[in-house]
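Colleague: Just passing along the structure, written as structure tokens.
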Amino acid sequence: MTPPLAHAGHVLVELPIYLGPVVLLVVWFKVSEWRQKRKGEQK
Amino acid sequence: MRGWAAPRRALVAALLSGPAAGALFPPPASAHGIVARTDLPIPVWLFGWAAALILIVSFAALAALWPNPRLQRNVPRRRLFRIPVAIDFVVSVLGLVAFGATVYAGLVGVQDALGNLAPTVIYVVFWVGLVVASALFGNVWRVISPWRSVARAASWLSRKMSSGEPPAALEYPEWLGRWPAAIGILFFAWVELTYVNKDDPSTLAIMVLAYMVVMLVGMALYGIETWSERADPFGVYFGLFARLAPLERREGVVYARPPLAGAPQLELWAGTIPLLCVAIGSTTFDGAENGPLWTSIRPHLISLFQHLGAGGVKGDQWAGTVGLLVCVGIVASFYRLGVGGMSEVGEGHTPDELAGKFAHTLIPIAFAYALAHYFSLLAFQGQAMAHLISDPLGHGSDLFGTARTGINYNLISASGIWYVQVAALVIGHVSGLVLAHDRAVDMYRDVRDAVRSQYWMLVVMVGFTSLGLWLLSAVNT
């Protein structure tokens, strides 16, 4: 049971390239959330 | 028997993989024997980033320029014209004739997926063509539907022939909602994508007949309109896309309305979200089936099922079933993550409440996915109808003199198809953002909270766009 995985490498390379905008957006929203929380705590 | 799925996949792959794979993987693609030639000006992955940018700019524009709800209630409608009853009657009869011809061809005609009328009518004209027609012209299926026509004719006859009141319809169970539609569409997708006899015209014809019997029984028990709106899988499915149309029909009169305006009125019946997830997930699996990820996973699954005793093609069928269900699950989880993120923003809305309130935003996504994935199939295999209506049984007849008409593969170039697909995905997801923003500014007391809540909807939309473009680009790589 040794299935062909010749294409898995491509997938691992492509998927992050396509999902890059999603990751960046999530990071951006999380950072803004954290900054807003910190601002609230300082006030 | 020549198979339907293989030529269909080959056609789609040939048309899609040229520009997509070629631009994305010049060296690796050629290493895998793919002939890649493209005249696209930028790499395919850059289309994904550009699409994400368009969504982000649209989001910002909505936040700045759309402070009040415009599509939730009192949407302006302009009366256009009344449709004469005779036209309805003629269209219903034509629908019945088409239904009869499809079933007859499936049962009696040559058992060849491409030579018989039935598979092309079912998989191309019906499954794809009616989605596009519904989104453009409104709920056309309501008039064409052969089971609805038969049920209405039977109801009219029984009223004429009996002297007393007809028995009242049973009350449709609230908990059932659109679940029958969700399960029905999932079953159809399963047949189309994984069932071993999906190519067999006679099997398809028998399934269509069985479907009609179930629909007629349901309509007899619960009423024609109730059953059509909630339980008839295709009635509900096409009805969803009709909500995007700029035309609406009410009591025989056609009205013009802003596009998308029908979507916010989507009733939050049980099973609505599963139905939309099935619509998007099944198209996702159809795209993934042709890509490298599924090619890698599939043999594992087939081996696993073969070890469990599913021999031959059954192992493949089970693998496909798992793939289909996983894709539907991924879509549902992604949506759930989005509404989960949204629920963290003020005013105490729960994820369950938000999932229902924003379910209609998935309609344009489902349409975008369907159009992007099946556009080339509709554009090319749709042309086969010209010769199939002249030779529906595949016996060499020439009823309308078009039996020798071929398919013009120069109708649209591979690049042209790619641009249509990208445009469909971008417009569909921007439409989803518009619907979500409009609902948010209606729901939230503070506009800033409304905009903040939509950060997560933006992530969902960008995610679905990226996934859609990745699937299209990965075809046959």
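Labels used: A, B, ... for chains in the order of the structure tokens, numbers from 1 for residues in each chain, and numbers from 1 for ligands as shown.
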Within 12 Å of Leu24 in chain A, counting only C-alpha atoms, which residues qualify if same-chain residues fewer than 2 places away don't, as an NGL selection string?

Modeller: (:A and (16-22 or 26-31)) or (:B and (49 or 52-53 or 56 or 458-459 or 462-463))

Colleague: Output as a tab-separated table one row per residue of chain B within 6 Å of chain A: the closest atom pair and its distance in Å to one decimal place, counting only C-alpha atoms, sorted by chain and residue number ascending.

Modeller:
residue	atom	partner	partner_atom	distance
B:Pro292	CA	A:His7	CA	5.4
B:Ser296	CA	A:Leu5	CA	5.1
B:Pro299	CA	A:Pro3	CA	5.7
B:His300	CA	A:Pro3	CA	5.9
B:Val459	CA	A:Val22	CA	5.9
B:Gly463	CA	A:Val22	CA	5.7
B:Ser466	CA	A:Tyr18	CA	5.6

Colleague: Go ahead and write the selection's residues with C-alpha atoms as a compact mmCIF listing (two decimals), in the first residue's frame.

Modeller:
# COMPACT_ATOMS: atom_id res chain seq x y z
CA PRO B 292 -3.23 17.08 -7.46
CA SER B 296 -2.59 12.07 -4.03
CA PRO B 299 -5.30 5.95 -3.94
CA HIS B 300 -4.92 5.85 -0.13
CA VAL B 459 -11.90 36.49 5.66
CA GLY B 463 -10.92 32.32 1.67
CA SER B 466 -8.74 31.79 -2.99

Colleague: Need to verify the contact set: Trp66 in chain B, 9 Å, only C-alpha atoms, exclusion of same-chain residues closer than 5 positions in sequence. Can you return it as a PyMOL selection string?

Modeller: chain B and resi 61+437-438+441

Colleague: Quick one: of B:Gly323, B:Gly394, B:Gly340, B:Gly432, who's nearest to Ala263 in chain B, counting only C-alpha atoms?

Modeller: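 Among the listed residues, the smallest separation from Ala263 in chain B belongs to B:Gly432.
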
Colleague: State, in Å with one decimal place, the distance from CA of Pro259 in chain B to CA of Pro69 in chain B.

Modeller: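 Atom-to-atom, CA of Pro259 in chain B and CA of Pro69 in chain B are spaced 14.8 Å apart.
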
Colleague: Which value, in Å to one decimal, gives the distance between CA of Tyr211 in chain B and CA of Asp286 in chain B?

Modeller: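 About the pair CA of Tyr211 in chain B and CA of Asp286 in chain B: they are 22.9 Å apart.
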
Colleague: Restricting the calculation to only C-alpha atoms: of B:Ala474, B:Gly401, B:Tyr335, B:Leu469, which residue gets closest to Val426 in chain B?

Modeller: B:Leu469

Colleague: Within 12 Å of Gly218 in chain B, counting only C-alpha atoms, which residues show up once you throw out same-chain ones fewer than 5 positions away? Write them as a list of chain:residue names, please.

Modeller: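 With the cut-off at 12 Å, the set is B:Trp147, B:Arg148, B:Ala151, B:Ala169, B:Leu170, B:Glu171, B:Tyr172, B:Pro180, B:Tyr211, B:Met212, B:Val213, B:Gly223, B:Ile224, B:Glu225, B:Thr226, B:Trp227, B:Ser228, B:Glu229, B:Arg230, B:Ala231, B:Asp232, B:Pro233.
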